$ cat start.cif   # mmCIF, C-alpha atoms
data_upload
loop_
_atom_site.label_atom_id
_atom_site.label_comp_id
_atom_site.auth_asym_id
_atom_site.auth_seq_id
_atom_site.Cartn_x
_atom_site.Cartn_y
_atom_site.Cartn_z
CA MET A 1 -43.91 27.37 35.00
CA THR A 2 -40.30 27.68 34.11
CA ASP A 3 -38.40 30.22 32.06
CA ILE A 4 -36.36 28.61 29.35
CA ASN A 5 -32.85 29.95 29.14
CA TRP A 6 -32.20 29.81 25.40
CA HIS A 7 -28.50 30.35 25.90
CA THR A 8 -28.40 27.14 27.95
CA VAL A 9 -30.50 25.35 25.32
CA VAL A 10 -27.93 26.29 22.66
CA ILE A 11 -25.14 24.99 24.94
CA VAL A 12 -27.04 21.73 25.47
CA LEU A 13 -27.70 21.23 21.74
CA GLY A 14 -24.02 21.88 21.10
CA LEU A 15 -23.08 19.28 23.71
CA ALA A 16 -25.37 16.78 21.95
CA VAL A 17 -23.46 17.50 18.73
CA VAL A 18 -20.21 17.01 20.68
CA THR A 19 -21.50 13.59 21.79
CA VAL A 20 -22.25 12.62 18.18
CA ILE A 21 -18.90 13.91 16.93
CA THR A 22 -16.83 12.15 19.62
CA ARG A 23 -18.73 8.85 19.66
CA ALA A 24 -18.73 8.60 15.86
CA PHE A 25 -15.44 10.42 15.26
CA PHE A 26 -13.89 7.77 13.01
CA LEU A 27 -17.21 6.45 11.74
CA PHE A 28 -18.18 9.44 9.58
CA SER A 29 -15.81 8.38 6.83
CA ASN A 30 -15.36 4.88 5.54
CA ARG A 31 -11.62 5.22 5.31
CA THR A 32 -9.62 3.07 7.66
CA TRP A 33 -8.01 5.59 9.92
CA THR A 34 -4.72 5.64 11.63
CA MET A 35 -4.10 8.49 14.03
CA PRO A 36 -0.77 10.32 13.89
CA HIS A 37 1.56 9.05 16.60
CA TRP A 38 1.62 12.30 18.60
CA ALA A 39 -2.18 12.39 18.70
CA GLN A 40 -2.35 8.79 19.90
CA ARG A 41 0.11 9.58 22.67
CA GLY A 42 -1.69 12.79 23.59
CA LEU A 43 -4.97 10.88 23.86
CA GLN A 44 -3.34 8.72 26.52
CA TYR A 45 -3.16 11.70 28.84
CA ALA A 46 -5.77 14.30 27.82
CA PRO A 47 -8.98 12.63 29.11
CA ILE A 48 -7.71 12.05 32.64
CA ALA A 49 -6.18 15.54 32.70
CA ALA A 50 -9.54 17.06 31.71
CA LEU A 51 -11.31 15.21 34.50
CA ALA A 52 -8.71 16.09 37.12
CA ALA A 53 -8.79 19.76 36.11
CA VAL A 54 -12.57 19.79 36.61
CA VAL A 55 -12.75 17.60 39.71
CA VAL A 56 -9.85 18.65 41.94
CA PRO A 57 -10.94 22.31 42.30
CA GLU A 58 -14.47 21.08 43.10
CA VAL A 59 -13.11 19.04 46.01
CA VAL A 60 -10.44 21.30 47.53
CA MET A 61 -11.64 24.86 46.84
CA VAL A 62 -14.20 27.14 48.48
CA ASN A 63 -15.33 30.28 46.66
CA GLY A 64 -12.29 30.29 44.41
CA HIS A 65 -9.73 29.73 47.20
CA LEU A 66 -8.03 26.65 48.56
CA MET A 67 -10.03 25.52 51.59
CA ASP A 68 -8.49 26.72 54.88
CA THR A 69 -10.03 24.08 57.15
CA TRP A 70 -9.87 20.31 57.38
CA LYS A 71 -13.54 20.26 58.34
CA ASP A 72 -14.89 19.82 54.84
CA ALA A 73 -17.00 16.80 53.98
CA ARG A 74 -15.98 16.88 50.29
CA LEU A 75 -12.35 16.16 51.13
CA TYR A 76 -13.07 12.94 53.04
CA ALA A 77 -15.81 11.79 50.68
CA GLY A 78 -13.49 12.30 47.73
CA ILE A 79 -10.65 10.35 49.32
CA VAL A 80 -12.95 7.50 50.37
CA GLY A 81 -14.60 7.47 46.93
CA ALA A 82 -11.23 7.14 45.17
CA ALA A 83 -10.02 4.46 47.59
CA VAL A 84 -13.21 2.46 47.11
CA TYR A 85 -12.79 2.67 43.35
CA PHE A 86 -9.36 1.03 43.53
CA TRP A 87 -10.80 -1.60 45.87
CA ARG A 88 -13.98 -2.57 43.97
CA LYS A 89 -13.26 -1.16 40.44
CA ASP A 90 -16.84 0.11 40.15
CA VAL A 91 -17.93 3.73 39.78
CA LEU A 92 -21.23 2.99 41.48
CA PHE A 93 -19.44 1.86 44.67
CA THR A 94 -17.44 5.09 44.57
CA ILE A 95 -20.62 7.17 44.44
CA VAL A 96 -22.41 5.21 47.17
CA ALA A 97 -19.41 5.07 49.55
CA GLY A 98 -18.51 8.71 48.92
CA MET A 99 -22.07 9.86 49.63
CA ALA A 100 -22.17 7.63 52.73
CA VAL A 101 -19.22 9.66 54.04
CA TYR A 102 -20.41 13.00 52.67
CA MET A 103 -24.01 13.07 53.91
CA PRO A 104 -23.38 12.46 57.67
CA LEU A 105 -20.45 14.90 57.75
CA HIS A 106 -22.29 17.53 55.72
CA LEU A 107 -25.76 17.24 57.27
CA GLY A 108 -24.78 15.96 60.74
CA LEU A 109 -21.74 18.07 61.51
CA GLY A 110 -22.33 20.85 59.02
CA TRP A 111 -18.92 20.40 57.37
CA MET B 112 -29.57 -0.68 15.90
CA PHE B 113 -32.48 -1.58 18.08
CA PHE B 114 -35.10 0.00 15.81
CA LEU B 115 -34.14 -2.13 12.81
CA ARG B 116 -36.30 -5.21 12.39
CA ASN B 117 -33.53 -7.53 11.26
CA HIS B 118 -31.62 -6.53 14.41
CA TYR B 119 -34.31 -6.83 17.07
CA THR B 120 -35.58 -10.15 15.71
CA HIS B 121 -32.09 -11.70 15.74
CA PRO B 122 -31.37 -14.13 18.63
CA GLU B 123 -28.19 -12.20 19.56
CA PHE B 124 -30.35 -9.14 20.28
CA LYS B 125 -31.86 -10.89 23.31
CA VAL B 126 -28.42 -12.06 24.40
CA GLY B 127 -27.22 -8.46 24.29
CA LEU B 128 -30.23 -7.26 26.27
CA ARG B 129 -29.78 -10.00 28.87
CA ASP B 130 -26.01 -9.59 29.21
CA PHE B 131 -26.51 -5.91 29.84
CA LEU B 132 -28.89 -6.51 32.75
CA ARG B 133 -25.81 -6.79 34.95
CA PRO B 134 -24.40 -3.28 34.48
CA ALA B 135 -27.88 -1.72 33.99
CA PRO B 136 -28.48 -0.96 37.72
CA GLY B 137 -25.16 0.89 37.85
CA ILE B 138 -26.10 2.90 34.76
CA ALA B 139 -29.52 3.62 36.28
CA ALA B 140 -28.03 4.82 39.60
CA TRP B 141 -25.67 7.03 37.66
CA GLY B 142 -28.51 8.44 35.53
CA LEU B 143 -30.63 9.03 38.64
CA MET B 144 -27.88 11.03 40.29
CA THR B 145 -27.10 12.94 37.11
CA GLY B 146 -30.80 13.83 36.81
CA VAL B 147 -30.93 15.08 40.40
CA ALA B 148 -27.58 16.87 40.07
CA MET B 149 -28.64 18.70 36.90
CA VAL B 150 -31.80 20.12 38.43
CA LYS B 151 -30.20 20.79 41.84
CA SER B 152 -27.37 22.74 40.27
CA GLY B 153 -29.94 25.24 39.07
CA ILE B 154 -30.03 24.72 35.32
CA GLY B 155 -33.69 24.68 34.30
CA LEU B 156 -36.12 21.79 33.94
CA VAL B 157 -36.39 21.94 30.15
CA GLU B 158 -32.63 22.30 29.85
CA SER B 159 -32.12 19.28 32.13
CA LEU B 160 -34.58 17.18 30.11
CA LEU B 161 -32.90 18.12 26.84
CA MET B 162 -29.53 17.24 28.33
CA ALA B 163 -30.66 13.82 29.52
CA LEU B 164 -32.42 12.97 26.25
CA LEU B 165 -29.94 14.35 23.72
CA VAL B 166 -26.48 14.75 25.23
CA PHE B 167 -26.66 11.21 26.64
CA ALA B 168 -23.17 11.32 28.16
CA GLY B 169 -23.04 11.55 31.94
CA SER B 170 -19.50 12.80 32.32
CA SER B 171 -19.80 15.64 29.81
CA GLN B 172 -23.19 16.60 31.29
CA LEU B 173 -21.73 16.77 34.81
CA ALA B 174 -18.58 18.56 33.69
CA SER B 175 -20.55 21.18 31.76
CA ILE B 176 -22.92 22.12 34.59
CA PRO B 177 -20.42 24.11 36.68
CA LEU B 178 -19.20 25.79 33.49
CA ILE B 179 -22.74 26.75 32.45
CA LEU B 180 -23.41 28.18 35.91
CA ALA B 181 -20.11 30.07 35.85
CA GLY B 182 -21.14 31.68 32.56
CA ALA B 183 -18.22 30.26 30.61
CA PRO B 184 -18.29 30.97 26.86
CA LEU B 185 -19.78 28.41 24.50
CA TRP B 186 -16.52 27.22 23.02
CA VAL B 187 -14.99 26.53 26.43
CA ILE B 188 -18.00 24.41 27.45
CA TRP B 189 -18.04 22.51 24.16
CA ALA B 190 -14.26 22.04 24.20
CA THR B 191 -14.44 20.73 27.76
CA GLY B 192 -17.21 18.32 26.73
CA PHE B 193 -15.03 17.22 23.83
CA CYS B 194 -12.05 16.60 26.11
CA VAL B 195 -14.14 14.71 28.66
CA ASN B 196 -15.49 12.62 25.75
CA LEU B 197 -12.11 11.98 24.15
CA ARG B 198 -12.20 8.33 25.20
CA PHE B 199 -15.13 7.86 22.79
CA VAL B 200 -12.90 9.01 19.92
CA VAL B 201 -10.63 6.08 20.72
CA PHE B 202 -13.62 3.71 20.96
CA SER B 203 -14.89 4.88 17.56
CA LEU B 204 -11.53 4.07 15.98
CA HIS B 205 -11.91 0.53 17.31
CA LEU B 206 -15.59 0.21 16.42
CA HIS B 207 -14.82 1.19 12.83
CA HIS B 208 -13.33 -2.26 12.27
CA TYR B 209 -16.69 -3.84 13.19
CA LEU B 210 -18.95 -1.38 11.36
CA SER B 211 -17.10 -0.51 8.16
CA HIS B 212 -19.54 -2.54 6.00
CA LEU B 213 -22.50 -0.34 7.04
CA PRO B 214 -23.78 2.82 5.32
CA THR B 215 -22.57 6.08 6.87
CA TRP B 216 -25.77 6.95 8.77
CA GLN B 217 -25.83 3.54 10.42
CA ARG B 218 -22.18 3.80 11.45
CA VAL B 219 -22.81 7.23 12.97
CA VAL B 220 -26.02 6.20 14.77
CA ASN B 221 -24.25 3.12 16.15
CA GLY B 222 -21.45 5.35 17.38
CA TYR B 223 -23.87 7.73 19.09
CA PHE B 224 -25.62 4.94 21.00
CA THR B 225 -22.46 3.09 22.02
CA ALA B 226 -21.44 4.46 25.43
CA ASP B 227 -18.67 3.33 27.79
CA LEU B 228 -20.11 0.09 29.09
CA SER B 229 -21.91 -1.07 25.95
CA TYR B 230 -18.60 -0.65 24.13
CA VAL B 231 -16.78 -2.64 26.82
CA TRP B 232 -19.42 -5.41 26.81
CA PHE B 233 -19.41 -5.55 23.00
CA VAL B 234 -15.67 -5.92 22.52
CA ARG B 235 -15.52 -8.43 25.37
CA ARG B 236 -18.08 -10.70 23.67
CA TYR B 237 -16.60 -10.08 20.23
CA PRO B 238 -12.85 -9.46 20.52
CA HIS B 239 -12.54 -9.58 16.72
CA PRO B 240 -14.69 -8.28 13.84
CA ALA B 241 -16.69 -11.01 12.09
CA GLY B 242 -15.40 -12.41 8.80
CA ASP B 243 -18.77 -13.14 7.14
CA ASP B 244 -22.21 -11.56 6.72
CA ALA B 245 -23.96 -13.80 9.25
CA GLY B 246 -21.32 -13.02 11.87
CA ARG B 247 -21.54 -9.30 11.18
CA MET B 248 -25.32 -9.41 11.55
CA ALA B 249 -25.02 -11.25 14.87
CA GLN B 250 -22.54 -8.65 16.17
CA GLN B 251 -24.84 -5.84 15.04
CA ALA B 252 -27.80 -7.46 16.80
CA TYR B 253 -25.84 -7.96 20.01
CA LEU B 254 -24.69 -4.34 20.01
CA ALA B 255 -28.27 -3.23 19.35
CA GLY B 256 -29.54 -5.23 22.33
CA SER B 257 -26.95 -4.00 24.82
CA ASN B 258 -27.22 -0.43 23.52
CA LEU B 259 -31.01 -0.50 23.98
CA MET B 260 -30.67 -1.71 27.56
CA ASN B 261 -28.01 0.92 28.26
CA TRP B 262 -29.94 3.76 26.65
CA GLY B 263 -33.24 2.75 28.26
CA ALA B 264 -31.69 2.50 31.74
CA TRP B 265 -30.05 5.89 31.26
CA ILE B 266 -33.08 7.76 29.90
CA ILE B 267 -35.62 6.35 32.37
CA SER B 268 -33.40 6.86 35.41
CA SER B 269 -32.46 10.38 34.30
CA LEU B 270 -36.14 11.31 33.96
CA VAL B 271 -36.89 9.84 37.40
CA GLY B 272 -33.96 11.79 38.84
CA ILE B 273 -35.19 15.03 37.25
CA ALA B 274 -38.69 14.39 38.64
CA LEU B 275 -37.44 13.55 42.14
CA ALA B 276 -35.00 16.45 42.30
CA ASN B 277 -37.68 18.88 43.44
CA PHE B 278 -38.32 16.81 46.55
CA VAL B 279 -34.67 16.85 47.57
CA PRO B 280 -33.57 19.98 49.50
CA GLN B 281 -30.60 21.88 48.03
CA SER B 282 -28.85 21.75 51.42
CA TRP B 283 -28.32 18.01 51.17
CA GLY B 284 -25.63 18.66 48.61
CA LEU B 285 -26.63 15.72 46.39
CA GLY B 286 -24.86 17.41 43.51
CA PHE B 287 -21.66 16.08 45.04
CA ALA B 288 -22.67 12.65 43.73
CA GLY B 289 -21.80 14.03 40.30
CA ILE B 290 -18.30 14.92 41.46
CA LEU B 291 -17.92 11.44 42.98
CA CYS B 292 -18.96 9.93 39.67
CA LEU B 293 -16.24 11.94 37.95
CA ILE B 294 -13.74 10.81 40.61
CA GLY B 295 -14.66 7.20 39.83
CA ILE B 296 -14.20 7.69 36.08
CA LEU B 297 -10.92 9.50 36.77
CA CYS B 298 -9.65 6.55 38.84
CA SER B 299 -10.75 4.11 36.13
CA LEU B 300 -8.51 5.99 33.67
CA ALA B 301 -5.50 5.99 36.02
CA THR B 302 -4.04 2.79 34.57
CA THR B 303 -0.43 3.91 34.10
CA ARG B 304 2.02 5.98 36.13
CA LEU B 305 2.21 8.66 33.47
CA ARG B 306 -1.58 8.98 33.47
CA LEU B 307 -1.47 9.37 37.24
CA LEU B 308 1.13 12.09 36.70
CA SER B 309 -1.16 13.69 34.11
CA ALA B 310 -4.03 13.75 36.64
CA SER B 311 -1.83 15.14 39.43
CA VAL B 312 -0.40 17.91 37.26
CA ALA B 313 -3.78 18.82 35.78
CA GLY B 314 -5.39 18.85 39.22
CA ALA B 315 -2.68 21.09 40.69
CA VAL B 316 -2.67 23.45 37.69
CA GLY B 317 -6.48 23.49 37.71
CA VAL B 318 -6.38 24.79 41.29
CA ALA B 319 -3.39 27.12 40.85
CA ALA B 320 -4.83 28.72 37.71
CA PHE B 321 -8.39 28.85 39.04
CA ALA B 322 -8.43 32.65 39.01
CA LEU B 323 -8.18 32.70 35.20
CA PRO B 324 -11.39 33.92 33.54
CA LEU B 325 -13.76 31.69 31.53
CA LYS B 326 -12.67 28.47 33.27
CA LEU B 327 -9.54 28.64 31.15
CA ASN B 328 -7.76 26.93 34.06
CA ILE B 329 -9.14 23.66 32.67
CA ILE B 330 -7.62 24.19 29.23
CA VAL B 331 -4.29 25.36 30.71
CA ALA B 332 -4.25 22.33 33.03
CA ILE B 333 -4.88 19.86 30.16
CA GLY B 334 -2.19 21.52 28.07
CA ALA B 335 0.39 21.47 30.87
CA ALA B 336 -0.33 17.85 31.82
CA VAL B 337 -0.29 16.49 28.26
CA ILE B 338 2.88 18.36 27.29
CA LEU B 339 4.67 17.22 30.44
CA CYS B 340 3.63 13.57 30.00
CA MET B 341 4.59 13.50 26.32
CA THR B 342 7.96 15.02 27.24
CA MET B 343 8.45 12.37 29.93
CA GLU B 344 7.72 9.73 27.29
CA LYS B 345 10.39 11.16 25.04
CA LEU B 346 12.89 11.16 27.88
CA GLN B 347 12.17 7.56 28.89
CA PRO B 348 10.96 5.78 25.75
CA HIS B 349 11.88 2.33 27.04
CA ARG B 350 9.73 2.78 30.14
CA VAL B 351 6.69 3.87 28.17
CA GLU B 352 6.47 0.52 26.45
CA VAL B 353 6.21 -1.17 29.82
CA LEU B 354 3.70 1.28 31.22
CA LYS B 355 1.46 1.47 28.16
CA SER B 356 -2.02 0.17 28.94
#
$ encode --input "start.cif" --output "structure tokens"
Amino acid sequence: MTDINWHTVVIVLGLAVVTVITRAFFLFSNRTWTMPHWAQRGLQYAPIAALAAVVVPEVVMVNGHLMDTWKDARLYAGIVGAAVYFWRKDVLFTIVAGMAVYMPLHLGLGW
Amino acid sequence: MFFLRNHYTHPEFKVGLRDFLRPAPGIAAWGLMTGVAMVKSGIGLVESLLMALLVFAGSSQLASIPLILAGAPLWVIWATGFCVNLRFVVFSLHLHHYLSHLPTWQRVVNGYFTADLSYVWFVRRYPHPAGDDAGRMAQQAYLAGSNLMNWGAWIISSLVGIALANFVPQSWGLGFAGILCLIGILCSLATTRLRLLSASVAGAVGVAAFALPLKLNIIVAIGAAVILCMTMEKLQPHRVEVLKS
């Protein structure tokens, strides 16, 4: 019924290993770890940078170019979603509010 | 761990399960959307199922989907997953203080099952590692209970999402829920001004360098943001202390 893409399966298995490695990073050894100072500082900024680098292009770009119109549902949904996060401090509210903006604009107005 | 008898028969196990009923609907909604988003994005059914069951990390699943579809090389996808998961590395350093008495396989399995919210709930109930065996057992049992609730909510909702995805037309653009989820996590990490700077720089570089092959714009953006923020720290060391979360 469905063709299995083995390349994707390998990617997925690798991501599962990545989950194990990151979640148990300091649990594999029984030593008490202290991270070098530069790594601790770097870890302050790397996760949010990774997310922004993935997310921002998804919200403001069309086919590899900056969007050239303001009539794009993603823009408004993204802004509302972020604002709602800072208001309610809950990712679920962000998703629900963002989709409540996105769906009418996208399906109703075709943005 | 929830499959160990001396954990699931402990009274704290039920407390953990019950405490975690509060965030469970949020986890389930998130899993539902991730399930729909995975299938809607066009990665196959079997691949989506494997992702939900084994990867068990919403943000790295969502981040990897566009990369998989773009045909990015393995190492870029895995490295991106690693970066998106970096917060877990920090959690594991903290959890080590609670789990150091356990054999290696139990420490690692505990780490695997402890996701964002079960970690947060655990350290909120137990701000400090226990000093005796009974206390350590109670903490283990509590973690097992909340982890089971978290994992169960995630797996079941993901499977429902994958099943429902075929009834949702592609044109609805439900995959955008995944992006919104990432926006929420991003905002939750924006706790200091320098982190906000990191996000702004990485976002701008991610767009500006988008034409790079293999989604290397993500790696370049992380590098630029981290180097800039660490330089800013060096220039204003007294301010960092104040801003540190």
$ closest_residue --input "start.cif" --among "A:Val62, A:Ala73, A:Val18, A:Ile79" --to "chain B" --atoms "only C-alpha atoms"
A:Val18
$ residues_near_point --input "start.cif" --point "(-10.7, 12.1, 23.1)" --cutoff "8 Å" --atoms "all atoms listed in the file" --output "PyMOL selection string"
(chain A and resi 22+43+46-47) or (chain B and resi 193-201)
$ atom_distance --input "start.cif" --atom1 "atom CA of His212 of chain B" --atom2 "atom CA of Phe233 of chain B"
17.3 Å
$ resolve_selection --input "start.cif" --expression "the PyMOL selection byres ((chain A) within 6 of (chain B))" --output "list in words"
Val9, Val12, Leu15, Ala16, Val20, Thr22, Arg23, Ala24, Phe25, Phe26, Leu27, Tyr45, Ala46, Pro47, Ile48, Ala49, Ala50, Ala52, Ala53, Val56, Pro57, Val91, Leu92, Thr94 and Ile95 of chain A
$ resolve_selection --input "start.cif" --expression "the PyMOL selection byres ((chain A and resi 101-106) around 8)" --output "PyMOL selection string"
(chain A and resi 72-74+76-77+80+97-100+107-111) or (chain B and resi 283-284)
$ residues_around --input "start.cif" --residues "segment 268-271 of chain B" --least-positions-apart "3" --cutoff "7 Å" --atoms "all atoms listed in the file" --output "ChimeraX atom specification"
/B:139,142-143,145-146,163,264-265,274-275
